[in-house]
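So this one's entry-v7.cif, mmCIF, C-alpha atoms and all ligand atoms:
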```
data_upload
#
loop_
_atom_site.label_atom_id
_atom_site.label_comp_id
_atom_site.auth_asym_id
_atom_site.auth_seq_id
_atom_site.Cartn_x
_atom_site.Cartn_y
_atom_site.Cartn_z
CA MET A 96 74.56 4.46 22.60
CA ALA A 97 77.33 5.38 20.18
CA PRO A 98 76.24 6.77 16.85
CA PRO A 99 76.59 4.34 13.96
CA ALA A 100 80.10 4.43 12.60
CA VAL A 101 78.99 4.02 9.03
CA ILE A 102 76.80 6.56 7.27
CA PRO A 103 74.26 4.60 5.26
CA PHE A 104 75.18 4.60 1.59
CA GLN A 105 72.64 6.29 -0.61
CA ILE A 106 72.45 5.56 -4.30
CA PRO A 107 72.94 8.92 -6.03
CA PRO A 108 70.18 9.78 -8.47
CA MET A 109 70.88 9.02 -12.13
CA PRO A 110 72.16 12.10 -13.91
CA ALA A 111 69.23 13.84 -15.53
CA ARG A 112 68.99 14.45 -19.25
CA SER A 113 68.06 17.81 -20.63
CA LEU A 114 67.20 19.42 -23.91
CA THR A 115 66.26 22.89 -25.07
CA VAL A 116 63.18 24.21 -26.81
CA GLU A 117 64.75 26.74 -29.17
CA LEU A 118 62.51 29.79 -29.25
CA GLY A 119 64.90 32.73 -29.18
CA GLU A 120 64.41 34.74 -26.01
CA ARG A 121 61.60 32.37 -24.98
CA SER A 122 63.88 29.31 -25.14
CA TYR A 123 63.75 26.95 -22.19
CA THR A 124 65.16 23.72 -20.82
CA ILE A 125 63.34 20.44 -20.33
CA CYS A 126 64.97 18.29 -17.68
CA ILE A 127 64.08 14.58 -17.51
CA GLY A 128 65.19 12.08 -14.92
CA ARG A 129 64.60 10.34 -11.60
CA GLY A 130 64.31 11.92 -8.19
CA LEU A 131 64.19 15.43 -9.63
CA LEU A 132 61.15 16.80 -7.80
CA GLY A 133 62.84 16.69 -4.43
CA ASP A 134 66.19 17.94 -5.71
CA PRO A 135 66.70 21.64 -4.81
CA GLN A 136 69.58 21.90 -7.27
CA ALA A 137 67.40 20.93 -10.19
CA LEU A 138 64.82 23.61 -9.50
CA ALA A 139 66.63 26.49 -7.79
CA PRO A 140 68.31 28.07 -10.84
CA HIS A 141 64.91 28.47 -12.50
CA LEU A 142 62.82 30.01 -9.74
CA GLY A 143 63.38 33.64 -10.66
CA ARG A 144 63.66 36.49 -8.18
CA GLY A 145 60.23 36.80 -6.58
CA ALA A 146 57.77 34.74 -4.60
CA VAL A 147 56.90 31.19 -5.66
CA GLY A 148 53.40 29.71 -5.68
CA VAL A 149 52.52 26.08 -6.31
CA VAL A 150 49.32 24.92 -7.99
CA THR A 151 48.47 21.23 -7.86
CA ASP A 152 45.44 18.96 -7.54
CA ALA A 153 43.92 16.95 -4.71
CA THR A 154 45.30 13.62 -5.99
CA VAL A 155 48.84 14.81 -6.65
CA ALA A 156 49.23 16.93 -3.49
CA PRO A 157 49.35 14.07 -0.97
CA LEU A 158 51.73 12.13 -3.24
CA TYR A 159 54.32 14.73 -4.25
CA LEU A 160 53.79 18.11 -2.60
CA ASP A 161 56.11 17.43 0.34
CA ARG A 162 59.02 16.60 -1.98
CA LEU A 163 58.50 19.82 -3.84
CA ARG A 164 58.12 21.87 -0.67
CA GLY A 165 61.51 20.59 0.43
CA ALA A 166 63.07 21.61 -2.88
CA VAL A 167 61.50 25.09 -3.02
CA GLY A 168 62.24 25.93 0.60
CA GLU A 169 61.54 29.36 2.08
CA ARG A 170 60.63 30.99 -1.20
CA LEU A 171 57.29 29.18 -1.16
CA ALA A 172 54.55 31.79 -0.67
CA PHE A 173 51.43 29.66 -1.17
CA VAL A 174 50.04 26.34 -2.34
CA GLU A 175 46.69 26.04 -4.09
CA VAL A 176 45.15 22.57 -4.38
CA LEU A 177 42.59 22.37 -7.20
CA PRO A 178 39.80 19.83 -7.42
CA VAL A 179 40.66 16.85 -9.65
CA GLY A 180 39.47 16.40 -13.19
CA GLU A 181 38.78 17.90 -16.57
CA GLU A 182 35.35 19.15 -15.44
CA HIS A 183 37.16 21.66 -13.21
CA LYS A 184 39.34 23.05 -16.01
CA ASN A 185 37.04 26.02 -16.31
CA LEU A 186 36.59 29.71 -15.63
CA ALA A 187 35.23 29.14 -12.11
CA THR A 188 38.41 27.33 -11.03
CA LEU A 189 40.51 29.98 -12.75
CA ALA A 190 38.64 32.75 -10.93
CA ARG A 191 39.38 31.09 -7.58
CA LEU A 192 43.02 30.83 -8.55
CA TYR A 193 43.13 34.57 -9.34
CA ASP A 194 41.66 35.18 -5.85
CA VAL A 195 44.56 33.21 -4.37
CA LEU A 196 47.05 35.28 -6.38
CA ILE A 197 45.43 38.50 -5.18
CA ASP A 198 45.50 37.34 -1.55
CA ALA A 199 49.13 36.28 -1.89
CA ARG A 200 49.96 39.58 -3.64
CA LEU A 201 51.93 37.71 -6.28
CA GLU A 202 53.95 40.32 -8.15
CA ARG A 203 55.26 40.34 -11.70
CA SER A 204 58.54 38.96 -10.44
CA GLY A 205 56.78 35.87 -9.04
CA THR A 206 56.77 32.35 -10.42
CA LEU A 207 53.96 29.81 -10.57
CA LEU A 208 54.77 26.10 -10.41
CA ALA A 209 52.28 23.67 -11.97
CA LEU A 210 52.60 20.30 -10.22
CA GLY A 211 50.31 17.72 -11.82
CA GLY A 212 48.85 16.49 -15.08
CA GLY A 213 47.70 18.43 -18.10
CA VAL A 214 44.69 19.89 -16.33
CA VAL A 215 46.81 21.58 -13.65
CA GLY A 216 49.38 22.59 -16.28
CA ASP A 217 46.83 24.14 -18.62
CA ILE A 218 45.00 26.13 -15.91
CA THR A 219 48.19 27.29 -14.19
CA GLY A 220 49.74 28.21 -17.51
CA PHE A 221 46.73 30.30 -18.48
CA ALA A 222 46.69 32.00 -15.07
CA ALA A 223 50.41 32.76 -15.53
CA ALA A 224 49.79 34.08 -19.05
CA THR A 225 47.17 36.52 -17.84
CA TRP A 226 48.17 37.42 -14.29
CA GLN A 227 49.53 40.97 -14.47
CA ARG A 228 49.88 40.40 -18.23
CA GLY A 229 52.19 37.47 -17.72
CA VAL A 230 54.39 35.93 -15.03
CA ARG A 231 56.93 33.11 -15.16
CA PHE A 232 55.71 29.59 -14.78
CA ILE A 233 57.33 26.21 -14.51
CA GLN A 234 55.85 22.90 -15.52
CA LEU A 235 56.34 19.95 -13.15
CA PRO A 236 54.35 17.31 -15.05
CA THR A 237 53.34 14.14 -13.16
CA THR A 238 51.38 12.23 -15.81
CA LEU A 239 52.93 10.60 -18.86
CA LEU A 240 50.68 12.68 -21.10
CA ALA A 241 51.82 15.87 -19.43
CA GLN A 242 55.52 14.87 -19.54
CA VAL A 243 55.52 14.09 -23.25
CA ASP A 244 52.93 16.52 -24.53
CA SER A 245 51.03 19.17 -22.58
CA SER A 246 53.93 20.58 -20.51
CA VAL A 247 55.95 21.44 -23.63
CA GLY A 248 54.94 23.99 -26.24
CA GLY A 249 53.19 26.77 -24.37
CA LYS A 250 49.55 26.05 -25.17
CA THR A 251 47.48 26.98 -22.12
CA ALA A 252 43.70 27.01 -21.78
CA VAL A 253 40.51 26.42 -19.85
CA ASN A 254 37.30 24.97 -21.26
CA HIS A 255 34.09 26.81 -22.10
CA PRO A 256 30.91 24.83 -21.30
CA ARG A 257 30.38 24.49 -25.05
CA GLY A 258 33.92 23.88 -26.20
CA LYS A 259 37.17 22.34 -24.96
CA ASN A 260 40.21 24.64 -24.63
CA MET A 261 38.24 27.56 -26.08
CA ILE A 262 39.74 30.19 -23.76
CA GLY A 263 43.51 30.20 -23.81
CA ALA A 264 46.82 31.72 -24.72
CA PHE A 265 50.28 30.80 -25.92
CA HIS A 266 52.59 31.24 -22.94
CA GLN A 267 55.82 29.25 -22.83
CA PRO A 268 57.02 27.89 -19.50
CA ALA A 269 60.42 29.04 -18.21
CA PHE A 270 61.43 25.47 -17.40
CA VAL A 271 60.00 21.95 -17.54
CA LEU A 272 61.06 19.33 -15.02
CA ALA A 273 59.82 15.79 -15.66
CA ASP A 274 60.50 13.47 -12.74
CA ILE A 275 59.71 10.06 -14.15
CA ASP A 276 59.51 8.54 -10.65
CA THR A 277 56.07 10.16 -10.40
CA LEU A 278 54.78 7.87 -13.15
CA ARG A 279 54.88 4.91 -10.80
CA THR A 280 51.66 5.95 -9.06
CA LEU A 281 49.74 6.67 -12.24
CA PRO A 282 46.63 4.49 -12.75
CA ALA A 283 47.12 1.90 -15.53
CA ARG A 284 44.64 3.47 -17.94
CA GLU A 285 46.16 6.94 -17.52
CA TYR A 286 49.59 5.48 -18.15
CA ALA A 287 48.52 3.67 -21.31
CA ALA A 288 46.73 6.80 -22.54
CA GLY A 289 50.04 8.69 -22.25
CA LEU A 290 51.78 5.98 -24.26
CA ALA A 291 49.41 6.73 -27.15
CA GLU A 292 50.89 10.24 -27.40
CA VAL A 293 54.40 8.74 -27.20
CA LEU A 294 53.62 6.46 -30.14
CA LYS A 295 52.33 9.45 -32.08
CA TYR A 296 55.82 11.00 -32.27
CA GLY A 297 57.31 7.92 -33.89
CA LEU A 298 54.51 7.63 -36.40
CA ILE A 299 54.55 11.25 -37.56
CA GLY A 300 58.25 11.90 -37.78
CA ASP A 301 60.67 9.48 -36.19
CA ARG A 302 60.76 6.00 -37.72
CA GLU A 303 63.73 5.00 -35.60
CA PHE A 304 61.83 5.87 -32.41
CA HIS A 305 58.84 3.91 -33.69
CA ASP A 306 61.00 0.82 -34.19
CA TRP A 307 62.52 1.32 -30.74
CA LEU A 308 59.02 1.46 -29.22
CA GLN A 309 58.09 -1.76 -31.04
CA ARG A 310 61.14 -3.48 -29.61
CA HIS A 311 60.57 -2.25 -26.06
CA ALA A 312 56.78 -2.43 -25.79
CA ALA A 313 56.85 -5.03 -23.01
CA GLY A 314 59.34 -3.09 -20.88
CA LEU A 315 57.43 0.12 -21.38
CA GLY A 316 54.22 -1.60 -20.37
CA ALA A 317 56.05 -2.63 -17.17
CA ARG A 318 57.19 0.99 -16.63
CA GLU A 319 60.90 0.15 -16.58
CA PRO A 320 62.53 3.43 -15.54
CA GLU A 321 65.41 3.41 -18.05
CA LEU A 322 63.00 2.83 -20.91
CA LEU A 323 60.59 5.43 -19.62
CA GLU A 324 63.31 8.01 -19.33
CA GLU A 325 64.36 7.33 -22.91
CA ALA A 326 60.75 7.41 -24.17
CA VAL A 327 59.98 10.72 -22.42
CA TYR A 328 63.26 12.19 -23.64
CA ARG A 329 62.72 11.22 -27.27
CA SER A 330 59.09 12.35 -27.19
CA CYS A 331 60.09 15.74 -25.77
CA ALA A 332 62.89 16.05 -28.33
CA ASN A 333 60.34 15.51 -31.09
CA LYS A 334 57.85 17.92 -29.62
CA ALA A 335 60.55 20.54 -29.01
CA ARG A 336 61.63 20.33 -32.65
CA VAL A 337 58.07 20.76 -33.92
CA VAL A 338 57.32 23.65 -31.53
CA ALA A 339 60.57 25.42 -32.45
CA ALA A 340 59.62 25.22 -36.13
CA ASP A 341 56.01 26.33 -35.69
CA GLU A 342 55.39 27.87 -32.26
CA ARG A 343 51.84 29.05 -32.91
CA GLU A 344 50.55 26.32 -35.21
CA GLY A 345 50.46 28.51 -38.29
CA GLU A 346 48.46 27.54 -41.39
CA GLY A 347 50.39 24.84 -43.21
CA GLY A 348 52.85 24.48 -40.32
CA VAL A 349 54.25 21.25 -38.92
CA ARG A 350 52.62 21.62 -35.50
CA ALA A 351 49.32 20.46 -37.00
CA LEU A 352 50.91 17.04 -37.54
CA LEU A 353 50.86 16.51 -33.77
CA ASN A 354 47.15 15.97 -34.26
CA LEU A 355 47.56 12.50 -35.76
CA GLY A 356 44.54 10.50 -34.61
CA HIS A 357 43.04 13.54 -32.91
CA THR A 358 40.25 14.48 -35.34
CA PHE A 359 38.95 10.92 -35.12
CA GLY A 360 39.69 10.91 -31.40
CA HIS A 361 37.85 14.13 -30.59
CA ALA A 362 34.80 12.86 -32.49
CA LEU A 363 34.90 9.63 -30.45
CA GLU A 364 35.25 11.55 -27.18
CA THR A 365 32.35 13.85 -28.04
CA ALA A 366 30.10 11.06 -29.35
CA THR A 367 30.56 9.12 -26.11
CA GLY A 368 30.01 12.17 -23.88
CA TYR A 369 33.65 12.12 -22.66
CA ARG A 370 32.74 9.14 -20.46
CA HIS A 371 33.88 6.11 -22.42
CA PHE A 372 37.42 6.98 -23.53
CA LEU A 373 40.31 8.77 -21.93
CA HIS A 374 41.75 11.25 -24.41
CA GLY A 375 44.80 9.08 -25.20
CA GLU A 376 42.58 6.03 -25.68
CA ALA A 377 40.45 7.89 -28.23
CA VAL A 378 43.66 9.06 -29.94
CA ALA A 379 44.85 5.43 -30.07
CA VAL A 380 41.70 4.43 -31.94
CA GLY A 381 42.13 7.52 -34.11
CA MET A 382 45.71 6.60 -35.02
CA ALA A 383 44.62 3.09 -35.99
CA LEU A 384 41.87 4.61 -38.18
CA ALA A 385 44.30 7.10 -39.73
CA ALA A 386 46.64 4.22 -40.55
CA GLU A 387 43.78 2.25 -42.09
CA LEU A 388 42.76 5.21 -44.27
CA SER A 389 46.40 5.76 -45.26
CA GLN A 390 46.48 2.15 -46.38
CA ARG A 391 43.39 2.62 -48.54
CA LEU A 392 45.20 5.50 -50.22
CA GLY A 393 48.07 3.12 -51.00
CA TRP A 394 50.55 4.93 -48.75
CA ILE A 395 51.27 2.20 -46.21
CA ASP A 396 50.57 -1.51 -46.44
CA ALA A 397 48.21 -3.83 -44.57
CA ALA A 398 51.03 -5.45 -42.61
CA GLU A 399 52.04 -2.06 -41.21
CA VAL A 400 48.46 -1.31 -40.15
CA ALA A 401 48.21 -4.71 -38.47
CA GLU A 402 51.54 -4.16 -36.74
CA LEU A 403 50.38 -0.80 -35.38
CA ARG A 404 47.10 -2.28 -34.11
CA GLY A 405 49.07 -5.04 -32.44
CA LEU A 406 51.40 -2.57 -30.76
CA LEU A 407 48.53 -0.41 -29.49
CA GLY A 408 46.83 -3.53 -28.14
CA ARG A 409 49.97 -4.72 -26.35
CA LEU A 410 50.26 -1.34 -24.67
CA GLY A 411 46.73 -1.69 -23.32
CA LEU A 412 45.08 0.68 -25.77
CA PRO A 413 41.87 0.26 -27.76
CA THR A 414 41.99 0.23 -31.57
CA GLU A 415 38.38 0.05 -32.76
CA VAL A 416 35.31 2.28 -32.88
CA PRO A 417 32.60 0.95 -30.56
CA ALA A 418 29.97 -0.85 -32.66
CA SER A 419 27.22 1.13 -30.93
CA LEU A 420 28.40 4.40 -32.50
CA ASP A 421 27.10 5.61 -35.83
CA SER A 422 29.61 6.43 -38.59
CA ALA A 423 27.56 9.31 -40.03
CA THR A 424 27.42 11.01 -36.60
CA LEU A 425 31.18 10.66 -36.22
CA ILE A 426 31.80 12.14 -39.67
CA GLU A 427 29.54 15.07 -38.81
CA LEU A 428 31.53 15.69 -35.63
CA MET A 429 34.79 15.48 -37.58
CA ARG A 430 33.51 18.15 -39.97
CA GLY A 431 33.22 20.55 -37.01
CA ASP A 432 36.85 19.99 -35.96
CA LYS A 433 39.25 22.94 -35.80
CA LYS A 434 41.44 21.31 -38.48
CA SER A 435 38.64 21.20 -41.05
CA ALA A 436 38.46 23.99 -43.59
CA GLY A 437 35.29 25.10 -45.39
CA GLY A 438 33.34 22.01 -44.32
CA ARG A 439 36.00 19.75 -45.86
CA ILE A 440 37.48 17.30 -43.40
CA ARG A 441 41.27 17.43 -43.20
CA LEU A 442 43.17 14.69 -41.48
CA VAL A 443 46.72 13.92 -40.51
CA LEU A 444 47.52 10.69 -42.37
CA LEU A 445 50.63 8.60 -42.84
CA ARG A 446 52.62 8.84 -46.07
CA ARG A 447 54.67 6.07 -44.48
CA ILE A 448 55.49 5.02 -40.92
CA GLY A 449 57.52 7.97 -39.65
CA GLU A 450 56.13 10.58 -42.07
CA ALA A 451 52.77 12.35 -41.74
CA CYS A 452 50.89 14.92 -43.79
CA LEU A 453 47.73 17.01 -43.38
CA THR A 454 45.41 16.14 -46.23
CA SER A 455 41.85 16.05 -47.54
CA ASP A 456 42.92 13.68 -50.33
CA PHE A 457 40.36 10.98 -49.60
CA THR A 458 36.73 10.44 -50.57
CA PRO A 459 33.81 10.52 -48.11
CA ALA A 460 33.17 6.89 -49.08
CA GLN A 461 36.70 5.87 -48.06
CA LEU A 462 36.33 7.59 -44.69
CA GLN A 463 32.92 6.01 -44.13
CA ALA A 464 34.29 2.56 -45.02
CA VAL A 465 37.15 2.88 -42.54
CA LEU A 466 34.71 3.70 -39.73
CA ASP A 467 32.20 1.01 -40.75
CA ASP A 468 34.86 -1.69 -40.95
CA SER A 469 36.23 -0.77 -37.54
CA ARG A 470 32.76 -0.89 -35.97
CA ALA A 471 32.19 -4.27 -37.61
CA ARG A 472 35.44 -5.61 -36.15
CA ALA A 473 34.54 -4.22 -32.72
CA GLY A 474 31.10 -5.82 -32.91
CA GLY A 475 32.63 -9.12 -33.99
CA ALA A 476 35.18 -9.00 -31.21
CA ARG A 477 32.48 -8.45 -28.63
CA ALA A 478 30.23 -11.26 -29.89
N1 LIG B 501 48.60 22.31 -23.48
C1 LIG B 501 48.75 21.32 -24.34
O1 LIG B 501 49.52 21.41 -25.30
C2 LIG B 501 47.99 20.07 -24.12
C3 LIG B 501 48.29 18.92 -24.85
C4 LIG B 501 47.60 17.75 -24.57
C5 LIG B 501 46.63 17.73 -23.57
N2 LIG B 501 46.35 18.87 -22.88
C6 LIG B 501 45.35 18.88 -21.81
O2 LIG B 501 45.80 18.03 -20.79
C7 LIG B 501 44.68 17.53 -20.06
C8 LIG B 501 44.86 16.06 -19.81
O3 LIG B 501 46.03 15.87 -19.05
P1 LIG B 501 46.23 14.56 -18.17
O4 LIG B 501 45.94 13.37 -18.97
O5 LIG B 501 47.54 14.70 -17.52
O6 LIG B 501 45.01 14.67 -17.14
P2 LIG B 501 44.87 15.13 -15.61
O7 LIG B 501 45.66 16.35 -15.34
O8 LIG B 501 43.42 15.17 -15.35
O9 LIG B 501 45.51 13.91 -14.82
C9 LIG B 501 44.90 12.64 -14.90
C10 LIG B 501 44.62 12.06 -13.53
O10 LIG B 501 45.83 11.59 -12.94
C11 LIG B 501 46.01 12.15 -11.64
N3 LIG B 501 47.44 12.20 -11.46
C12 LIG B 501 48.32 13.12 -11.95
N4 LIG B 501 49.57 12.75 -11.69
C13 LIG B 501 49.50 11.60 -10.99
C14 LIG B 501 50.47 10.71 -10.45
N5 LIG B 501 51.78 10.93 -10.62
N6 LIG B 501 50.04 9.62 -9.79
C15 LIG B 501 48.72 9.35 -9.66
N7 LIG B 501 47.76 10.14 -10.17
C16 LIG B 501 48.15 11.24 -10.84
C17 LIG B 501 45.28 13.46 -11.70
O11 LIG B 501 44.93 13.90 -10.42
C18 LIG B 501 44.07 13.08 -12.54
O12 LIG B 501 43.11 12.40 -11.75
C19 LIG B 501 43.47 17.88 -20.87
O13 LIG B 501 42.79 18.95 -20.26
C20 LIG B 501 44.03 18.32 -22.22
O14 LIG B 501 43.24 19.28 -22.86
C21 LIG B 501 47.01 20.02 -23.13
ZN ZN B 502 46.43 14.51 -27.47
#
```

Since I need it in another form, could you write the structure as structure tokens?
Amino acid sequence: MAPPAVIPFQIPPMPARSLTVELGERSYTICIGRGLLGDPQALAPHLGRGAVGVVTDATVAPLYLDRLRGAVGERLAFVEVLPVGEEHKNLATLARLYDVLIDARLERSGTLLALGGGVVGDITGFAAATWQRGVRFIQLPTTLLAQVDSSVGGKTAVNHPRGKNMIGAFHQPAFVLADIDTLRTLPAREYAAGLAEVLKYGLIGDREFHDWLQRHAAGLGAREPELLEEAVYRSCANKARVVAADEREGEGGVRALLNLGHTFGHALETATGYRHFLHGEAVAVGMALAAELSQRLGWIDAAEVAELRGLLGRLGLPTEVPASLDSATLIELMRGDKKSAGGRIRLVLLRRIGEACLTSDFTPAQLQAVLDDSRARAGGARA
């Protein structure tokens, strides 16, 4: 039979968008777009001189490893598939990863690729920071949270049994490649949890982005690719700006503002044994509470708080503290947070929508009232 006369037409991938994290000699590019994981041209210029190793997890590997293999080609020296989940972001997993690096004889010229969510990125980044005192690594984030937050900024860590992210290092990636096509397979809750971190950027420093998110909430909920690409791009641009200004989260620096909703959120995660909320869900509740407290301080108005709650709700995120939790316990947990100083709780609050500050300018009674009122609303909603 004669070969077909017409070569099937393939739609070329959309041109990717890129931006730079300006950190002097540690500067790097973030590339965002569709179809990037399988594109050798996107990755090749960043692979360095030596061997390449891929670290991923057992959920991501069957979905995306083949695409990446094709793009890396013969340089690929090994693939390590980690078990899935935060409970494996620990020293035992890290030790096994070092064993793999020893077996593979990865030299200082080598490069590690982290293909997966924030867990894979954080472990791989810490291994890269410490292996032979530091090797190159590239972030290939496949969750929305990782694309807009954890893959950018160079924080790497594993957990200690008694504290999250307690063992870590600052080690910037050499390149970040966010293929938004991977977000299609993300479970709905994981996707929504990532949107919470997207919303955070608008609230703390980009009013225009916040308004854009309001306008496009429905399309974002439906994961429309053009909107997603724009949302990831603008989130990364915001994070890159903050990281460039304050790489190591210095005292009084702007990087602390990225913790909007997080002191509340961490308390909620801890109080519920990390079983009830995904991190982004707890942050969503925390942002609603931060807005509420900001309103009590006269900084934003009730309509803006209601609008934010509405937006979080439309994106599939929770906004209230479960009625079963106790406010005093939550406040105690918040006192132990890294952001607190001398037993005084400090919180990122909203001077207005699009402008945040780190402050302890509120009374314990105001904080208590915000938590109590939220629990009352949650209880009412359930009844
Ligand atoms: N380094 C930082 O600056 C920073 C910032 C924020 C969060 N973090 C860390 O990130 C971690 C959370 O990251 P996460 O939310 O990405 O969690 P995760 O890495 O556990 O991924 C969530 C789940 O989604 C799966 N998954 C990943 N990509 C997928 C895809 N495309 N399709 C289907 N399933 C997919 C994973 O296997 C996992 O089950 C936490 O450990 C947190 O401490 C780090
Ligand atoms: Zn977060």

Show me which residues are within 8 Å of ligand LIG 501 (chain B) counting all atoms listed in the file, and format the list as a VMD selection string. chain A and resid 152 to 155 158 to 159 179 to 181 184 211 to 217 236 to 241 244 to 253 259 to 260 277 to 282 285 288 to 289 373 to 375

Residue neighbourhood region 225-229 of chain A, 8 Å, all atoms listed in the file, exclusion window fewer than 6 positions, as a list in words: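 The filter keeps Tyr193, Glu202 and Arg203 of chain A.
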
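With only C-alpha atoms and all ligand atoms as the basis for measurement, A:Ala291 is the residue among A:Ala291, A:Leu186, A:Leu462, A:Leu163 that approaches ligand ZN 502 (chain B) most closely.
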
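In this structure, CA of Leu384 (chain A) sits 27.3 Å away from CA of Leu322 (chain A).
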
Counting only C-alpha atoms, the option among A:Arg121, A:Arg129, A:Arg231, A:Arg310 closest to Ala146 (chain A):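 Distance minimum relative to Ala146 (chain A) lands on A:Arg231.
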
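Considering all atoms listed in the file, the residue among A:Ala222, A:Ala312, A:Val338, A:Ala397 positioned nearest to Tyr123 (chain A) is A:Val338.
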
As a list in words, please: the residues near Pro110 (chain A) (cut-off 12 Å, only C-alpha atoms, same-chain neighbours under 2 positions excluded).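 Everything that qualifies: Ile106, Pro107, Pro108, Arg112, Ser113, Cys126, Ile127, Gly128, Arg129, Gly130, Leu131, Asp134, Ala137, Asp274, Glu321 and Glu324 of chain A.
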
Would you mind telling me which residue in A:Arg446, A:Lys334, A:His266, A:Arg162 lies nearest to Val349 (chain A) when using all atoms listed in the file? A:Lys334

In Å, rounded to a single decimal, give me how far CA of Leu352 (chain A) is from CA of Tyr296 (chain A). 9.4 Å

Interatomic distance, CA of Ala464 (chain A) to CA of Ala423 (chain A) (Å, one decimal):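 Computing the Euclidean distance for CA of Ala464 (chain A) and CA of Ala423 (chain A) yields 10.8 Å.
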
Nearby residues (all atoms listed in the file) at most 9 Å from Arg144 (chain A), same-chain spacing under 6 positions excluded, as a list of chain:residue names: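 Neighbouring residues, sequence-local ones excluded: A:Ser204, A:Gly205, A:Thr206.
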
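You can rank A:Ala379, A:Ala264, A:Ala139, A:Val147 by their closest distance to ligand ZN 502 (chain B) using all atoms listed in the file, and at the top of that list sits A:Ala379.
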
Give me region 450-466 of chain A with N, CA and C atoms filled in, as an mmCIF file, in the frame of the given file.
```cif
data_model
loop_
_atom_site.group_PDB
_atom_site.id
_atom_site.type_symbol
_atom_site.label_atom_id
_atom_site.label_comp_id
_atom_site.auth_asym_id
_atom_site.auth_seq_id
_atom_site.Cartn_x
_atom_site.Cartn_y
_atom_site.Cartn_z
ATOM 1 N N GLU A 450 56.319 9.357 -41.272
ATOM 2 C CA GLU A 450 56.130 10.580 -42.070
ATOM 3 C C GLU A 450 54.632 10.854 -42.243
ATOM 4 N N ALA A 451 54.193 12.014 -41.698
ATOM 5 C CA ALA A 451 52.770 12.350 -41.740
ATOM 6 C C ALA A 451 52.523 13.555 -42.629
ATOM 7 N N CYS A 452 51.269 13.709 -43.062
ATOM 8 C CA CYS A 452 50.890 14.920 -43.790
ATOM 9 C C CYS A 452 49.444 15.268 -43.452
ATOM 10 N N LEU A 453 49.110 16.550 -43.588
ATOM 11 C CA LEU A 453 47.730 17.010 -43.380
ATOM 12 C C LEU A 453 47.067 17.038 -44.744
ATOM 13 N N THR A 454 45.963 16.319 -44.889
ATOM 14 C CA THR A 454 45.410 16.140 -46.230
ATOM 15 C C THR A 454 43.884 16.010 -46.228
ATOM 16 N N SER A 455 43.269 16.391 -47.351
ATOM 17 C CA SER A 455 41.850 16.050 -47.540
ATOM 18 C C SER A 455 41.726 15.194 -48.802
ATOM 19 N N ASP A 456 42.805 14.504 -49.124
ATOM 20 C CA ASP A 456 42.920 13.680 -50.330
ATOM 21 C C ASP A 456 42.273 12.311 -50.195
ATOM 22 N N PHE A 457 41.039 12.274 -49.711
ATOM 23 C CA PHE A 457 40.360 10.980 -49.600
ATOM 24 C C PHE A 457 38.892 11.251 -49.874
ATOM 25 N N THR A 458 38.152 10.237 -50.258
ATOM 26 C CA THR A 458 36.730 10.440 -50.570
ATOM 27 C C THR A 458 35.894 10.192 -49.311
ATOM 28 N N PRO A 459 34.697 10.808 -49.239
ATOM 29 C CA PRO A 459 33.810 10.520 -48.110
ATOM 30 C C PRO A 459 33.533 9.022 -47.986
ATOM 31 N N ALA A 460 33.450 8.335 -49.127
ATOM 32 C CA ALA A 460 33.170 6.890 -49.080
ATOM 33 C C ALA A 460 34.317 6.131 -48.415
ATOM 34 N N GLN A 461 35.544 6.554 -48.693
ATOM 35 C CA GLN A 461 36.700 5.870 -48.060
ATOM 36 C C GLN A 461 36.684 6.073 -46.549
ATOM 37 N N LEU A 462 36.377 7.302 -46.127
ATOM 38 C CA LEU A 462 36.330 7.590 -44.690
ATOM 39 C C LEU A 462 35.232 6.769 -44.022
ATOM 40 N N GLN A 463 34.055 6.771 -44.659
ATOM 41 C CA GLN A 463 32.920 6.010 -44.130
ATOM 42 C C GLN A 463 33.280 4.527 -43.998
ATOM 43 N N ALA A 464 33.949 3.986 -45.016
ATOM 44 C CA ALA A 464 34.290 2.560 -45.020
ATOM 45 C C ALA A 464 35.251 2.216 -43.874
ATOM 46 N N VAL A 465 36.198 3.119 -43.628
ATOM 47 C CA VAL A 465 37.150 2.880 -42.540
ATOM 48 C C VAL A 465 36.416 2.794 -41.200
ATOM 49 N N LEU A 466 35.470 3.710 -40.986
ATOM 50 C CA LEU A 466 34.710 3.700 -39.730
ATOM 51 C C LEU A 466 33.804 2.474 -39.647
#
```
